[in-house]
$ cat run.txt   # compact mmCIF, C-alpha atoms
# COMPACT_ATOMS: atom_id res chain seq x y z
CA PRO A 13 -25.24 -34.56 16.63
CA SER A 14 -22.75 -35.48 19.33
CA GLN A 15 -24.65 -38.71 20.13
CA ALA A 16 -24.76 -39.68 16.45
CA SER A 17 -21.05 -38.98 16.14
CA THR A 18 -20.30 -41.18 19.16
CA SER A 19 -22.44 -44.00 17.78
CA VAL A 20 -20.72 -43.98 14.40
CA HIS A 21 -17.26 -43.78 15.99
CA GLY A 22 -17.97 -46.86 18.12
CA ALA A 23 -19.30 -48.92 15.24
CA GLY A 24 -15.82 -49.57 13.82
CA PRO A 25 -14.37 -51.67 16.69
CA LEU A 26 -17.68 -53.49 17.22
CA HIS A 27 -17.92 -54.32 13.52
CA GLY A 28 -14.31 -55.56 13.51
CA MET A 29 -14.99 -57.75 16.55
CA ARG A 30 -18.00 -59.33 14.84
CA ARG A 31 -15.89 -60.05 11.76
CA ARG A 32 -13.27 -61.82 13.90
CA GLU A 33 -15.95 -63.83 15.70
CA SER A 34 -17.46 -64.88 12.36
CA PHE A 35 -14.05 -65.89 11.05
CA LEU A 36 -13.24 -67.92 14.20
CA ARG A 37 -16.60 -69.72 13.96
CA SER A 38 -15.80 -70.63 10.34
CA LEU A 39 -12.38 -71.99 11.33
CA THR A 40 -13.88 -74.01 14.19
CA ALA A 41 -16.48 -75.50 11.84
CA ARG A 42 -13.76 -76.42 9.39
CA GLU A 43 -11.68 -78.16 12.08
CA LEU A 44 -14.66 -80.11 13.47
CA GLY A 45 -15.84 -81.30 10.07
CA PRO A 46 -19.12 -79.59 9.11
CA CYS A 47 -17.30 -77.08 6.95
CA ARG A 48 -14.87 -78.23 4.25
CA PRO A 49 -11.55 -76.39 3.75
CA ARG A 50 -11.56 -73.53 1.25
CA THR A 51 -15.32 -73.08 1.23
CA PRO A 52 -16.82 -69.76 0.14
CA ALA A 53 -17.83 -69.05 3.76
CA VAL A 54 -14.25 -69.38 5.05
CA ASP A 55 -12.79 -67.46 2.13
CA ALA A 56 -15.31 -64.64 2.51
CA SER A 57 -14.66 -64.36 6.25
CA ALA A 58 -10.90 -64.33 5.76
CA LEU A 59 -11.11 -61.69 3.02
CA SER A 60 -13.38 -59.50 5.13
CA LEU A 61 -11.07 -59.76 8.15
CA ARG A 62 -7.97 -58.92 6.11
CA ALA A 63 -9.67 -55.94 4.48
CA SER A 64 -10.67 -54.54 7.87
CA THR A 65 -7.03 -54.49 9.07
CA VAL A 66 -5.42 -52.98 5.95
CA ALA A 67 -4.34 -49.37 6.39
CA LEU A 68 -1.53 -47.07 5.30
CA SER A 69 0.79 -45.57 7.89
CA SER A 70 -0.54 -42.17 8.88
CA HIS A 71 2.76 -40.91 10.29
CA LEU A 72 5.62 -42.33 8.21
CA GLU A 73 6.77 -40.97 4.86
CA LEU A 74 10.20 -41.75 3.39
CA THR A 75 11.76 -39.31 0.96
CA PRO A 76 15.13 -39.71 -0.77
CA ARG A 77 17.37 -36.76 -1.51
CA GLY A 78 17.17 -37.10 -5.24
CA ASP A 79 15.20 -38.28 -8.23
CA ALA A 80 12.48 -40.88 -8.74
CA VAL A 81 12.70 -44.17 -6.83
CA THR A 82 13.20 -47.09 -9.22
CA THR A 83 13.73 -50.13 -6.97
CA LEU A 84 13.35 -51.27 -3.33
CA SER A 85 14.64 -54.06 -1.10
CA LEU A 86 13.68 -54.69 2.55
CA GLU A 87 16.03 -57.02 4.42
CA ALA A 88 14.53 -60.08 6.15
CA ILE A 89 16.92 -60.42 9.11
CA ASP A 90 15.92 -57.44 11.26
CA GLU A 91 13.02 -56.47 8.98
CA ARG A 92 13.77 -52.78 9.38
CA TYR A 93 16.39 -51.66 6.84
CA LEU A 94 15.10 -50.58 3.45
CA LEU A 95 17.23 -49.92 0.36
CA ALA A 96 15.99 -47.56 -2.34
CA GLY A 97 17.65 -47.15 -5.72
CA CYS A 98 16.98 -43.93 -7.60
CA ALA A 99 17.04 -42.67 -11.16
CA ASP A 100 19.77 -40.15 -10.29
CA ALA A 101 22.23 -43.04 -9.64
CA SER A 102 21.95 -42.80 -5.84
CA VAL A 103 21.22 -45.56 -3.31
CA ALA A 104 19.50 -44.65 -0.03
CA LEU A 105 19.23 -46.62 3.23
CA TYR A 106 16.23 -46.16 5.57
CA ASP A 107 15.38 -47.45 9.03
CA VAL A 108 11.64 -48.13 8.79
CA ALA A 109 11.44 -49.20 12.45
CA ASP A 110 12.54 -45.76 13.64
CA THR A 111 9.05 -44.29 13.71
CA PRO A 112 7.20 -42.01 16.13
CA SER A 113 5.17 -43.80 18.80
CA ALA A 114 2.08 -41.80 17.87
CA PRO A 115 0.87 -40.05 14.72
CA PRO A 116 1.96 -36.41 14.60
CA ARG A 117 -0.48 -33.57 14.54
CA GLY A 118 -0.90 -32.40 11.00
CA PRO A 119 0.70 -33.82 7.83
CA PRO A 120 3.56 -36.31 8.35
CA GLN A 121 7.06 -34.94 7.91
CA PRO A 122 9.10 -36.77 5.22
CA ARG A 123 11.74 -39.04 6.78
CA ARG A 124 15.21 -38.62 5.32
CA PRO A 125 17.47 -41.65 4.75
CA VAL A 126 19.99 -42.76 7.36
CA VAL A 127 22.65 -42.58 4.67
CA GLN A 128 22.61 -42.09 0.91
CA ALA A 129 25.34 -42.78 -1.63
CA THR A 130 25.17 -40.17 -4.38
CA ARG A 131 27.47 -39.32 -7.27
CA ARG A 132 29.00 -36.57 -5.14
CA SER A 133 29.38 -38.48 -1.85
CA CYS A 134 30.50 -41.78 -3.43
CA ARG A 135 32.71 -41.39 -6.47
CA SER A 136 32.87 -45.17 -6.97
CA GLY A 137 29.07 -45.52 -7.03
CA HIS A 138 26.76 -45.74 -10.01
CA THR A 139 26.83 -43.14 -12.76
CA GLY A 140 23.53 -44.21 -14.31
CA ALA A 141 20.06 -44.93 -12.96
CA VAL A 142 19.94 -47.74 -10.39
CA ALA A 143 17.62 -50.38 -11.82
CA CYS A 144 17.76 -53.03 -9.08
CA VAL A 145 18.99 -53.62 -5.53
CA GLN A 146 18.97 -56.66 -3.24
CA TRP A 147 20.26 -57.29 0.25
CA PHE A 148 22.85 -60.03 0.76
CA PRO A 149 20.63 -62.96 1.81
CA HIS A 150 22.02 -63.59 5.30
CA ASP A 151 23.97 -60.45 6.16
CA THR A 152 22.85 -56.82 6.28
CA GLY A 153 26.49 -55.81 5.97
CA ALA A 154 26.33 -56.14 2.17
CA PHE A 155 23.98 -55.69 -0.76
CA VAL A 156 24.13 -55.76 -4.56
CA SER A 157 22.89 -53.33 -7.18
CA GLY A 158 22.68 -53.02 -10.95
CA GLY A 159 22.45 -49.88 -13.01
CA TYR A 160 22.08 -48.36 -16.43
CA ASP A 161 25.83 -47.66 -16.35
CA ALA A 162 26.29 -51.37 -17.22
CA LEU A 163 27.74 -52.19 -13.78
CA VAL A 164 26.82 -54.70 -11.08
CA LYS A 165 28.14 -53.59 -7.70
CA LEU A 166 28.62 -55.41 -4.40
CA TRP A 167 28.38 -52.84 -1.58
CA ASP A 168 29.72 -52.67 1.97
CA THR A 169 26.82 -51.29 4.01
CA ASN A 170 29.08 -50.06 6.83
CA THR A 171 30.96 -47.70 4.52
CA MET A 172 28.15 -47.32 1.97
CA SER A 173 30.66 -47.85 -0.84
CA PRO A 174 31.20 -50.61 -3.44
CA ALA A 175 33.54 -53.46 -2.46
CA CYS A 176 33.79 -54.77 -6.02
CA ASP A 177 32.35 -54.12 -9.49
CA PHE A 178 31.34 -56.39 -12.34
CA GLU A 179 31.07 -55.00 -15.85
CA SER A 180 28.14 -56.21 -17.95
CA ALA A 181 27.40 -55.97 -21.66
CA GLY A 182 24.81 -53.20 -21.29
CA ARG A 183 22.18 -51.69 -19.03
CA VAL A 184 21.50 -54.02 -16.09
CA HIS A 185 17.83 -54.94 -15.65
CA CYS A 186 17.93 -57.34 -12.71
CA VAL A 187 20.30 -58.75 -10.06
CA CYS A 188 19.37 -61.67 -7.87
CA MET A 189 20.96 -63.81 -5.13
CA SER A 190 19.66 -67.11 -3.77
CA GLU A 191 18.04 -66.97 -0.34
CA VAL A 192 18.75 -70.66 0.35
CA ALA A 193 22.25 -71.09 -1.09
CA SER A 194 24.83 -72.70 1.19
CA ARG A 195 27.37 -73.80 -1.44
CA HIS A 196 27.66 -70.60 -3.46
CA ASN A 197 27.04 -66.85 -3.24
CA LEU A 198 26.63 -66.18 -6.95
CA ILE A 199 25.05 -62.98 -8.19
CA ALA A 200 22.78 -63.63 -11.17
CA ALA A 201 22.38 -60.65 -13.48
CA CYS A 202 20.76 -59.89 -16.82
CA ALA A 203 21.50 -56.92 -19.04
CA ASP A 204 21.21 -55.55 -22.55
CA GLY A 205 23.58 -57.03 -25.10
CA ASP A 206 23.83 -59.01 -28.29
CA ASP A 207 24.68 -62.23 -26.40
CA ARG A 208 21.31 -62.24 -24.55
CA GLU A 209 22.93 -64.07 -21.64
CA VAL A 210 22.20 -64.51 -17.95
CA VAL A 211 25.54 -64.01 -16.22
CA LEU A 212 26.53 -65.50 -12.85
CA TYR A 213 29.14 -63.38 -11.07
CA ASP A 214 31.26 -64.82 -8.25
CA PRO A 215 32.39 -62.26 -5.63
CA ASN A 216 35.06 -64.70 -4.42
CA VAL A 217 36.98 -64.50 -7.70
CA GLY A 218 35.83 -61.08 -8.87
CA HIS A 219 34.50 -62.00 -12.31
CA ALA A 220 31.84 -64.02 -14.14
CA ALA A 221 31.78 -67.70 -13.23
CA HIS A 222 29.15 -68.93 -15.70
CA ARG A 223 26.97 -67.71 -18.55
CA LEU A 224 23.53 -69.10 -19.38
CA CYS A 225 22.68 -68.84 -23.07
CA GLY A 226 19.40 -69.59 -24.81
CA HIS A 227 17.10 -66.58 -24.75
CA ARG A 228 16.21 -65.21 -28.18
CA GLY A 229 15.66 -61.77 -26.66
CA VAL A 230 17.16 -59.72 -23.85
CA PRO A 231 16.53 -61.33 -20.43
CA TRP A 232 14.75 -58.93 -18.08
CA ALA A 233 13.81 -60.83 -14.91
CA LEU A 234 15.36 -63.44 -12.61
CA ALA A 235 14.26 -65.56 -9.64
CA TRP A 236 16.13 -68.26 -7.72
CA SER A 237 14.26 -71.34 -6.55
CA PRO A 238 13.21 -71.14 -2.87
CA ARG A 239 14.02 -74.86 -2.49
CA ASP A 240 16.99 -75.66 -4.74
CA GLU A 241 20.01 -73.35 -4.64
CA HIS A 242 21.10 -74.49 -8.12
CA HIS A 243 17.85 -73.71 -9.94
CA LEU A 244 17.33 -70.30 -11.51
CA VAL A 245 14.43 -68.98 -13.60
CA SER A 246 14.81 -66.19 -16.15
CA GLY A 247 12.29 -64.30 -18.24
CA GLY A 248 13.00 -62.26 -21.32
CA SER A 249 11.72 -60.00 -24.04
CA ASP A 250 11.31 -63.09 -26.24
CA GLY A 251 8.22 -63.99 -24.19
CA SER A 252 9.74 -67.09 -22.63
CA LEU A 253 10.60 -68.31 -19.15
CA ARG A 254 13.59 -70.61 -18.77
CA LEU A 255 14.49 -72.89 -15.89
CA TRP A 256 18.24 -73.45 -15.47
CA ASP A 257 20.34 -75.81 -13.42
CA ILE A 258 23.57 -73.87 -12.97
CA ARG A 259 25.55 -77.09 -12.34
CA LYS A 260 24.84 -78.46 -15.81
CA ASN A 261 27.51 -77.75 -18.40
CA ILE A 262 25.07 -77.59 -21.30
CA ARG A 263 24.12 -74.90 -23.78
CA GLY A 264 20.47 -74.75 -22.97
CA CYS A 265 17.99 -74.76 -20.12
CA LEU A 266 16.18 -77.59 -18.35
CA ARG A 267 12.75 -76.30 -19.33
CA SER A 268 11.35 -73.49 -21.40
CA PHE A 269 7.87 -72.07 -20.83
CA ASP A 270 5.95 -69.79 -23.16
CA VAL A 271 2.39 -69.07 -24.22
CA HIS A 272 2.39 -71.85 -26.80
CA HIS A 273 4.13 -74.88 -25.32
CA THR A 274 6.51 -76.22 -22.68
CA PHE A 275 9.76 -77.88 -23.64
CA ALA A 276 11.68 -80.29 -21.39
CA ARG A 277 15.27 -81.05 -22.29
CA ALA A 278 16.25 -84.72 -22.10
CA GLY A 279 19.01 -85.52 -19.59
$ encode --input "run.txt" --output "structure tokens"
Amino acid sequence: PSQASTSVHGAGPLHGMRRRESFLRSLTARELGPCRPRTPAVDASALSLRASTVALSSHLELTPRGDAVTTLSLEAIDERYLLAGCADASVALYDVADTPSAPPRGPPQPRRPVVQATRRSCRSGHTGAVACVQWFPHDTGAFVSGGYDALVKLWDTNTMSPACDFESAGRVHCVCMSEVASRHNLIAACADGDDREVVLYDPNVGHAAHRLCGHRGVPWALAWSPRDEHHLVSGGSDGSLRLWDIRKNIRGCLRSFDVHHTFARAG
């Protein structure tokens, strides 16, 4: 039994090594010409290699002091600080790089947040469920959040308290900042309300700078273009996606996409 156990235990690394060798042979064949790019052989080798390296952490578990987690945001500068918004109106900050060097013996102990802003510890925080959070694109000293209390908040990470608030028409579903913007730091937000607008808040002036109208239902999702800092996409309960150019002073979007047709606005 001990020999069989040793044999099975050693099969994992050997099998992984063979997968890597097979994948490298496929890449070499593709570079030299016999194998065309994106062939089934290359795709199968890549998929097999990726599957062999996927695993959950066996010794890291993050647990907020509160209710259900509703939204997450991991910053891209140091790639270690994680924000978690919760249904009890709290926002927690974790350091995911602060992990034990080796798995502990027995079940992992839940890791508490570095700091957490709750209704009790931060009286100026959210009073409703936190629906969305996002780090400031180029600075871990700030982040934005939106909640079911109809507020968009810009936070100072050092004090874990809001620096300014923006009042929306209803429950906030999404907040979004451009990762490539160099000429503006607008916070795009969508919320419940009869106007069905996407609102652009400007932290420099402390209020809304622009409103994008056109959705026939409540907008629920937002995404800035990764190439153009002035292009924003919104999606709503009306089943449409709309592409906006925030510089254009028009009542309508550049393009509208839905399941039936695509519309391009002239000009």
$ closest_residue --input "run.txt" --among "A:Ala104, A:Ala193, A:Ala162, A:Ala200" --to "Gly140 of chain A" --atoms "only C-alpha atoms"
A:Ala162
$ closest_residue --input "run.txt" --among "A:Ala101, A:Val145, A:Ala175, A:Val217" --to "Ala201 of chain A" --atoms "all atoms listed in the file"
A:Val145
$ residues_near_point --input "run.txt" --point "(18.0, -73.7, -5.4)" --cutoff "10 Å" --atoms "all atoms listed in the file" --output "PyMOL selection string"
chain A and resi 190-194+235-244+257-258
$ write_last_selection --input "run.txt" --atoms "C-alpha atoms" --output "short mmCIF file (atom, residue, chain, number, x, y, z; two decimals), keeping the file's coordinate frame"
data_model
loop_
_atom_site.label_atom_id
_atom_site.label_comp_id
_atom_site.auth_asym_id
_atom_site.auth_seq_id
_atom_site.Cartn_x
_atom_site.Cartn_y
_atom_site.Cartn_z
CA SER A 190 19.66 -67.11 -3.77
CA GLU A 191 18.04 -66.97 -0.34
CA VAL A 192 18.75 -70.66 0.35
CA ALA A 193 22.25 -71.09 -1.09
CA SER A 194 24.83 -72.70 1.19
CA ALA A 235 14.26 -65.56 -9.64
CA TRP A 236 16.13 -68.26 -7.72
CA SER A 237 14.26 -71.34 -6.55
CA PRO A 238 13.21 -71.14 -2.87
CA ARG A 239 14.02 -74.86 -2.49
CA ASP A 240 16.99 -75.66 -4.74
CA GLU A 241 20.01 -73.35 -4.64
CA HIS A 242 21.10 -74.49 -8.12
CA HIS A 243 17.85 -73.71 -9.94
CA LEU A 244 17.33 -70.30 -11.51
CA ASP A 257 20.34 -75.81 -13.42
CA ILE A 258 23.57 -73.87 -12.97
#
$ atom_distance --input "run.txt" --atom1 "atom CA of Asn197 of chain A" --atom2 "atom CA of His150 of chain A"
10.4 Å
$ residues_around --input "run.txt" --residues "Arg132 of chain A" --least-positions-apart "6" --cutoff "12 Å" --atoms "only C-alpha atoms" --output "list in words"
Gly78, Asp100, Ala101, Ser102, His138 and Thr139 of chain A
$ atom_distance --input "run.txt" --atom1 "atom CA of Ala141 of chain A" --atom2 "atom CA of Cys98 of chain A"
6.3 Å
